[in-house]
Every structure is written in C-alpha cells, then in structure tokens.
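Engineer: This is the content of model.txt (compact mmCIF, C-alpha atoms):
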# COMPACT_ATOMS: atom_id res chain seq x y z
CA MET P 162 -45.94 -29.97 -3.57
CA ALA P 163 -42.52 -31.53 -3.85
CA ALA P 164 -43.07 -32.03 -7.56
CA THR P 165 -43.50 -28.29 -8.15
CA ASN P 166 -40.12 -27.57 -6.60
CA ILE P 167 -38.23 -30.01 -8.77
CA GLY P 168 -35.93 -28.09 -11.01
CA HIS P 169 -36.84 -24.80 -9.30
CA GLU P 170 -33.17 -24.23 -8.44
CA ASP P 171 -32.40 -24.07 -12.18
CA HIS P 172 -34.50 -20.91 -12.48
CA LEU P 173 -32.96 -19.07 -9.54
CA PRO P 174 -30.52 -16.33 -10.48
CA ARG P 175 -26.91 -17.34 -10.05
CA PRO P 176 -24.83 -15.27 -7.67
CA ARG P 177 -22.74 -12.82 -9.61
CA VAL P 178 -19.02 -13.48 -9.44
CA GLY P 179 -16.65 -10.70 -10.46
CA ARG P 180 -17.46 -7.46 -12.26
CA ARG P 181 -18.80 -6.95 -15.73
CA GLU P 182 -16.47 -4.32 -17.12
CA SER P 183 -14.26 -3.87 -20.12
CA PRO P 184 -10.47 -3.94 -19.72
CA GLU P 185 -10.48 -0.14 -20.12
CA GLU P 186 -13.13 0.32 -17.42
CA ARG P 187 -11.24 -2.03 -15.15
CA ALA P 188 -8.00 -0.08 -15.67
CA ASP P 189 -9.78 3.24 -15.03
CA ARG P 190 -11.31 1.90 -11.80
CA ARG P 191 -8.02 0.39 -10.61
CA TRP P 192 -6.23 3.70 -11.38
CA SER P 193 -8.81 5.65 -9.40
CA ASP P 194 -8.52 3.21 -6.48
CA LEU P 195 -4.73 3.45 -6.56
CA LEU P 196 -4.81 7.25 -6.51
CA GLN P 197 -7.10 7.24 -3.48
CA GLU P 198 -4.73 4.90 -1.65
CA VAL P 199 -1.69 6.96 -2.60
CA ARG P 200 -3.25 10.19 -1.32
CA VAL P 201 -3.29 8.77 2.20
CA ALA P 202 0.28 7.45 2.11
CA GLN P 203 1.73 10.47 0.29
CA THR P 204 0.43 12.92 2.85
CA GLY P 205 2.02 11.07 5.76
CA SER P 206 5.24 10.51 3.85
CA GLN P 207 5.60 14.14 2.83
CA ILE P 208 4.84 15.52 6.31
CA LEU P 209 7.33 13.12 7.91
CA PHE P 210 9.97 13.89 5.28
CA GLY P 211 9.48 17.65 5.74
CA PHE P 212 9.90 17.28 9.49
CA LEU P 213 13.04 15.18 9.03
CA LEU P 214 14.58 17.83 6.81
CA SER P 215 14.16 20.43 9.52
CA VAL P 216 15.76 18.35 12.30
CA VAL P 217 19.30 19.02 11.13
CA PHE P 218 18.77 22.74 11.81
CA MET P 219 17.76 22.21 15.45
CA PRO P 220 20.31 23.14 18.14
CA ARG P 221 20.21 19.66 19.72
CA PHE P 222 21.29 18.00 16.45
CA ALA P 223 24.91 19.03 17.12
CA GLN P 224 24.83 16.94 20.31
CA LEU P 225 24.01 13.67 18.52
CA ASP P 226 26.68 10.97 18.59
CA GLY P 227 27.97 9.20 15.49
CA PHE P 228 25.38 6.39 15.57
CA ASP P 229 22.45 8.76 15.92
CA ARG P 230 23.76 10.98 13.13
CA GLY P 231 24.09 7.92 10.89
CA LEU P 232 20.58 6.86 11.88
CA TYR P 233 19.32 10.32 10.99
CA VAL P 234 20.99 10.18 7.56
CA ALA P 235 19.52 6.71 6.92
CA THR P 236 16.08 7.95 8.00
CA VAL P 237 16.23 10.97 5.67
CA VAL P 238 17.36 8.79 2.75
CA LEU P 239 14.57 6.29 3.46
CA GLY P 240 12.09 9.18 3.62
CA ALA P 241 13.30 10.54 0.28
CA LEU P 242 13.03 7.10 -1.31
CA ALA P 243 9.53 6.58 0.12
CA THR P 244 8.39 9.98 -1.14
CA GLY P 245 9.84 9.25 -4.57
CA SER P 246 8.09 5.88 -4.79
CA LEU P 247 4.77 7.20 -3.52
CA THR P 248 4.76 10.11 -5.97
CA SER P 249 5.90 7.99 -8.92
CA PRO P 250 2.34 7.43 -10.24
CA VAL P 251 2.33 11.09 -11.28
CA ALA P 252 5.44 10.66 -13.44
CA TYR P 253 4.17 7.38 -14.86
CA HIS P 254 0.87 8.97 -15.75
CA ARG P 255 2.56 11.90 -17.51
CA ILE P 256 4.75 9.55 -19.56
CA PHE P 257 2.02 6.97 -20.32
CA ALA P 258 -0.82 9.46 -20.95
CA GLY P 259 -2.49 9.13 -24.33
CA ARG P 260 -0.63 5.94 -25.28
CA ARG P 261 -3.45 3.48 -24.45
CA LEU P 262 -1.30 1.76 -21.83
CA LYS P 263 -3.42 2.31 -18.73
CA PRO P 264 -3.35 -1.35 -17.55
CA GLN P 265 0.45 -1.28 -17.73
CA LEU P 266 0.47 2.12 -16.01
CA VAL P 267 -1.65 0.81 -13.15
CA ASP P 268 0.46 -2.33 -12.70
CA ALA P 269 3.78 -0.44 -12.70
CA ALA P 270 2.51 2.32 -10.42
CA ALA P 271 0.99 -0.22 -8.02
CA ARG P 272 4.34 -1.98 -7.67
CA LEU P 273 6.12 1.30 -6.91
CA VAL P 274 3.45 2.25 -4.37
CA ALA P 275 3.96 -1.11 -2.64
CA VAL P 276 7.71 -0.41 -2.50
CA GLY P 277 6.91 3.09 -1.22
CA LEU P 278 4.82 1.66 1.62
CA VAL P 279 7.69 -0.60 2.69
CA LEU P 280 10.07 2.36 2.57
CA LEU P 281 7.58 4.49 4.51
CA ALA P 282 7.34 1.83 7.23
CA LEU P 283 11.15 1.70 7.43
CA THR P 284 11.29 5.51 7.57
CA ILE P 285 8.78 5.59 10.42
CA GLY P 286 10.67 2.86 12.25
CA SER P 287 14.06 4.53 11.95
CA ALA P 288 12.59 7.95 12.84
CA LEU P 289 10.94 6.41 15.89
CA LEU P 290 14.19 4.76 16.94
CA LEU P 291 16.08 8.03 16.58
CA LEU P 292 13.45 9.97 18.49
CA LEU P 293 13.28 7.41 21.32
CA ARG P 294 17.08 7.21 21.58
CA VAL P 295 17.32 10.98 21.94
CA ALA P 296 14.30 11.26 24.25
CA THR P 297 15.05 8.35 26.59
CA ASP P 298 18.78 7.73 26.16
CA SER P 299 17.91 4.12 26.90
CA ALA P 300 18.46 0.74 25.28
CA ILE P 301 14.75 0.06 25.62
CA SER P 302 14.17 2.37 22.65
CA GLY P 303 15.20 -0.47 20.32
CA TRP P 304 12.68 -2.83 21.89
CA ILE P 305 9.90 -0.26 21.71
CA THR P 306 10.71 0.41 18.06
CA ALA P 307 10.74 -3.33 17.30
CA ALA P 308 7.31 -3.69 18.93
CA VAL P 309 5.92 -0.79 16.90
CA MET P 310 7.37 -2.23 13.69
CA LEU P 311 5.77 -5.58 14.53
CA TRP P 312 2.49 -3.71 14.92
CA PHE P 313 2.99 -2.12 11.48
CA ALA P 314 3.77 -5.52 9.95
CA SER P 315 0.63 -6.90 11.57
CA CYS P 316 -1.65 -4.07 10.44
CA TRP P 317 -0.20 -3.60 6.97
CA LEU P 318 0.63 -7.20 6.05
CA LEU P 319 -0.29 -10.04 8.39
CA LEU P 320 -3.91 -9.07 9.09
CA PRO P 321 -4.80 -8.28 5.45
CA VAL P 322 -3.13 -11.47 4.19
CA GLY P 323 -4.91 -13.47 6.91
CA HIS P 324 -8.26 -11.99 5.92
CA LEU P 325 -7.49 -12.66 2.26
CA HIS P 326 -6.72 -16.32 2.95
CA ARG P 327 -9.88 -16.75 5.04
CA HIS P 328 -11.96 -15.06 2.34
CA ASN P 329 -10.41 -17.06 -0.50
CA ASP P 330 -11.01 -20.33 1.35
CA ARG P 331 -14.76 -19.59 1.51
CA SER P 332 -15.41 -17.82 -1.80
CA PRO P 333 -15.45 -19.28 -5.27
CA ARG P 334 -12.83 -17.93 -7.65
CA PRO P 335 -14.27 -15.72 -10.38
CA PRO P 336 -14.18 -17.32 -13.79
CA ASP P 337 -11.63 -16.09 -16.28
CA GLY P 338 -14.07 -15.11 -18.98
CA PRO P 339 -14.27 -12.17 -21.34
CA ASP P 340 -14.63 -9.85 -18.35
CA GLY P 341 -11.45 -11.16 -16.74
CA PRO P 342 -10.86 -11.53 -13.01
CA ASP P 343 -12.12 -9.06 -10.46
CA CYS P 344 -10.24 -5.83 -9.74
CA ASP P 345 -8.90 -7.11 -6.48
CA ASP P 346 -7.03 -9.94 -8.15
CA PRO P 347 -3.35 -9.03 -7.72
CA HIS P 348 -2.46 -10.75 -10.98
CA PRO P 349 -4.72 -9.26 -13.69
Go ahead and express the file in the form of structure tokens.
Structural biologist:
Amino acid sequence: MAATNIGHEDHLPRPRVGRRESPEERADRRWSDLLQEVRVAQTGSQILFGFLLSVVFMPRFAQLDGFDRGLYVATVVLGALATGSLTSPVAYHRIFAGRRLKPQLVDAAARLVAVGLVLLALTIGSALLLLLRVATDSAISGWITAAVMLWFASCWLLLPVGHLHRHNDRSPRPPDGPDGPDCDDPHP
C-alpha cells in the first residue's frame, strides 16, 4: 500500500498563487477596486466639508476665540485638501483616458487617495477638537481627540499592517512570472 502512494504528491494539483490576468486586466481590476474604495471616503469627506462650510454662518461662530477660529480655518483647509485628493482620480482618468496608461493612472490615483485618507483623518481630528472645545469648554477635549485619533490610526493603519505582516509570514510570496504579482502587492 505504501508503494502505491510513492510519488502521489507529484500528481496533486499545486495551490494556485496569485492571479492569472494580463497587465491590462490587472489594471482594470485595480482601477475598479480603487473606485469602490474612493466612493466610501469621498462621501464622508464631502459631507464633512459641506458641514464645515456652513459653520461660519452660524450665530455662535462670532463667539469663538482666536485659537478656535484658527482651528476652524485649519479644519476647512484640511477638508478642502482631503476632498481634492479623494476626487483626484476623476481628473486623472479624464487626462489619461485613451492613452493606454491605465497602470500608471491607477498607481498615481492610489497615491493621491492615500494622501486624501491622511488628510481626511486630520480633518476629522481637527473638527472633533473644535467641536469638543466649543461643546465642553474643557482641556479634556484635547485628550479625547487624541484618543479618537489613536483609534483612527489603529483602525486605518496599525491593524491592517499587523494583519498584513501576520499573513505574509505564513503565506508564500507569489512568483514574479508573466502574470506578475497579485493585485494586492503595493509595488506592482
């Protein structure tokens, strides 16, 4: 019985590593994935930015001291920058369309979306600080904001990177063959 199993492992199918797709298919899939991610972030960014724009017209705004007014201005500028970064894939797509540069489009847009997420986190943090300072008139507002920003850093950066490291330690790297690395490789 043992003799019949000798060499049996050679006939078992190998586990598939990576995707079998052309560079164009990979770029199309990565673009689609990026757009889905951006839709979530853009919505939150645009709603927050719209709200921030309206704050200056509220009666209580005139009562803000110099620091809080400066914090408001910084928050609005951060919100504008975040919105610009998170909507940049649209402009990139319009400029790159039809030029057979989709991989470059995806890479450039992905970098700007990453910058936009950092700016969005900073916008949320500064808006939270402003809101808590006005609502509580207490020094604890800074500590609460710091704790929330630590939570953001954990959810948006530390936990994903930790999972990535744990996953990479257990999984074989895909071979760099004609199909290239998998879509989730940050360095295509």
Engineer: Would you work out the distance separating CA of Val201 in chain P from CA of Trp317 in chain P, expressed in Å to one decimal?
Structural biologist: 13.6 Å
Engineer: Just the number, please: distance in Å from CA of Leu213 in chain P to CA of Leu289 in chain P, one decimal.
Structural biologist: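 We find that CA of Leu213 in chain P and CA of Leu289 in chain P lie 11.3 Å from each other.
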Engineer: Taking 2 positions as the minimum chain separation for residues in the same chain, which residues sit within 7 Å of range 245-255 of chain P when counting all atoms listed in the file? Answer as a PDB file with C-alpha atoms, in the coordinates of the input.
Structural biologist:
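Contents of around.pdb, freshly written:
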ATOM      1  CA  VAL P 199      -1.690   6.960  -2.600  1.00  0.00           C
ATOM      2  CA  GLN P 203       1.730  10.470   0.290  1.00  0.00           C
ATOM      3  CA  ALA P 241      13.300  10.540   0.280  1.00  0.00           C
ATOM      4  CA  LEU P 242      13.030   7.100  -1.310  1.00  0.00           C
ATOM      5  CA  ALA P 243       9.530   6.580   0.120  1.00  0.00           C
ATOM      6  CA  PHE P 257       2.020   6.970 -20.320  1.00  0.00           C
ATOM      7  CA  ALA P 258      -0.820   9.460 -20.950  1.00  0.00           C
ATOM      8  CA  LEU P 266       0.470   2.120 -16.010  1.00  0.00           C
ATOM      9  CA  ALA P 270       2.510   2.320 -10.420  1.00  0.00           C
ATOM     10  CA  LEU P 273       6.120   1.300  -6.910  1.00  0.00           C
ATOM     11  CA  VAL P 274       3.450   2.250  -4.370  1.00  0.00           C
ATOM     12  CA  VAL P 276       7.710  -0.410  -2.500  1.00  0.00           C
ATOM     13  CA  GLY P 277       6.910   3.090  -1.220  1.00  0.00           C
TER      14      GLY P 277
END
Engineer: Enter the distance from CA of Arg200 in chain P to CA of Arg327 in chain P, in Å, rounded to one decimal.
Structural biologist: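 That distance, rounded to one decimal, is 28.5 Å.
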Engineer: Which residues are close to Asp229 in chain P, i.e. within 8 Å by only C-alpha atoms, leaving aside same-chain residues fewer than 4 positions away? Reply as a PyMOL selection string.
Structural biologist: chain P and resi 225+233+291+294
Engineer: Set the distance at 12 Å and use all atoms listed in the file: which residues neighbour Leu293 in chain P once local chain neighbours fewer than 2 positions away are removed? I'd like the list as a ChimeraX atom specification.
Structural biologist: /P:229,232,285-291,295-307,309
Engineer: Please write as a ChimeraX atom specification the list of polymer residues whose atoms come within 9 Å of (11.1, 17.6, 0.1), counting all atoms listed in the file and keeping to the coordinates of the file.
Structural biologist: /P:207,210-211,214,241,244
Engineer: Around all the atoms of range 315-325 of chain P listed in the file, draw an axis-aligned box and extend it by 4 Å on each of the six sides; I want its centre and edge lengths in Å to one decimal, as AutoDock Vina command-line options.
Structural biologist:
--center_x -3.8 --center_y -8.5 --center_z 6.9 --size_x 16.9 --size_y 17.9 --size_z 17.3
Engineer: Can you fill out range 223-240 of chain P with N, CA, C and O atoms and hand it back as a JSON list (two decimals), keeping the file's coordinate frame?
Structural biologist:
[["chain", "number", "residue", "atom", "x", "y", "z"],
["P", 223, "ALA", "N", 23.45, 19.01, 16.95],
["P", 223, "ALA", "CA", 24.91, 19.03, 17.12],
["P", 223, "ALA", "C", 25.37, 18.12, 18.24],
["P", 223, "ALA", "O", 26.53, 17.69, 18.26],
["P", 224, "GLN", "N", 24.48, 17.79, 19.17],
["P", 224, "GLN", "CA", 24.83, 16.94, 20.31],
["P", 224, "GLN", "C", 24.71, 15.45, 20.01],
["P", 224, "GLN", "O", 25.09, 14.62, 20.84],
["P", 225, "LEU", "N", 24.18, 15.08, 18.84],
["P", 225, "LEU", "CA", 24.01, 13.67, 18.52],
["P", 225, "LEU", "C", 25.35, 12.98, 18.33],
["P", 225, "LEU", "O", 26.28, 13.56, 17.76],
["P", 226, "ASP", "N", 25.45, 11.73, 18.80],
["P", 226, "ASP", "CA", 26.68, 10.97, 18.59],
["P", 226, "ASP", "C", 26.70, 10.41, 17.17],
["P", 226, "ASP", "O", 25.77, 10.60, 16.39],
["P", 227, "GLY", "N", 27.77, 9.72, 16.85],
["P", 227, "GLY", "CA", 27.97, 9.20, 15.49],
["P", 227, "GLY", "C", 26.86, 8.24, 15.04],
["P", 227, "GLY", "O", 26.40, 8.31, 13.90],
["P", 228, "PHE", "N", 26.44, 7.34, 15.94],
["P", 228, "PHE", "CA", 25.38, 6.39, 15.57],
["P", 228, "PHE", "C", 24.08, 7.11, 15.26],
["P", 228, "PHE", "O", 23.42, 6.82, 14.26],
["P", 229, "ASP", "N", 23.71, 8.05, 16.12],
["P", 229, "ASP", "CA", 22.45, 8.76, 15.92],
["P", 229, "ASP", "C", 22.49, 9.64, 14.66],
["P", 229, "ASP", "O", 21.48, 9.77, 13.97],
["P", 230, "ARG", "N", 23.64, 10.21, 14.37],
["P", 230, "ARG", "CA", 23.76, 10.98, 13.13],
["P", 230, "ARG", "C", 23.61, 10.06, 11.91],
["P", 230, "ARG", "O", 22.95, 10.40, 10.94],
["P", 231, "GLY", "N", 24.23, 8.90, 11.97],
["P", 231, "GLY", "CA", 24.09, 7.92, 10.89],
["P", 231, "GLY", "C", 22.65, 7.45, 10.75],
["P", 231, "GLY", "O", 22.14, 7.28, 9.63],
["P", 232, "LEU", "N", 21.99, 7.25, 11.89],
["P", 232, "LEU", "CA", 20.58, 6.86, 11.88],
["P", 232, "LEU", "C", 19.72, 7.96, 11.27],
["P", 232, "LEU", "O", 18.81, 7.68, 10.49],
["P", 233, "TYR", "N", 20.05, 9.20, 11.58],
["P", 233, "TYR", "CA", 19.32, 10.32, 10.99],
["P", 233, "TYR", "C", 19.49, 10.34, 9.46],
["P", 233, "TYR", "O", 18.52, 10.49, 8.72],
["P", 234, "VAL", "N", 20.73, 10.17, 9.00],
["P", 234, "VAL", "CA", 20.99, 10.18, 7.56],
["P", 234, "VAL", "C", 20.22, 9.03, 6.89],
["P", 234, "VAL", "O", 19.58, 9.22, 5.85],
["P", 235, "ALA", "N", 20.25, 7.85, 7.48],
["P", 235, "ALA", "CA", 19.52, 6.71, 6.92],
["P", 235, "ALA", "C", 18.02, 7.00, 6.89],
["P", 235, "ALA", "O", 17.33, 6.68, 5.91],
["P", 236, "THR", "N", 17.51, 7.63, 7.93],
["P", 236, "THR", "CA", 16.08, 7.95, 8.00],
["P", 236, "THR", "C", 15.69, 8.95, 6.91],
["P", 236, "THR", "O", 14.67, 8.79, 6.25],
["P", 237, "VAL", "N", 16.52, 9.97, 6.71],
["P", 237, "VAL", "CA", 16.23, 10.97, 5.67],
["P", 237, "VAL", "C", 16.28, 10.32, 4.29],
["P", 237, "VAL", "O", 15.41, 10.57, 3.44],
["P", 238, "VAL", "N", 17.26, 9.47, 4.05],
["P", 238, "VAL", "CA", 17.36, 8.79, 2.75],
["P", 238, "VAL", "C", 16.15, 7.88, 2.54],
["P", 238, "VAL", "O", 15.54, 7.88, 1.45],
["P", 239, "LEU", "N", 15.77, 7.13, 3.56],
["P", 239, "LEU", "CA", 14.57, 6.29, 3.46],
["P", 239, "LEU", "C", 13.33, 7.14, 3.18],
["P", 239, "LEU", "O", 12.48, 6.77, 2.36],
["P", 240, "GLY", "N", 13.23, 8.29, 3.85],
["P", 240, "GLY", "CA", 12.09, 9.18, 3.62],
["P", 240, "GLY", "C", 12.06, 9.72, 2.20],
["P", 240, "GLY", "O", 11.00, 9.82, 1.58]]
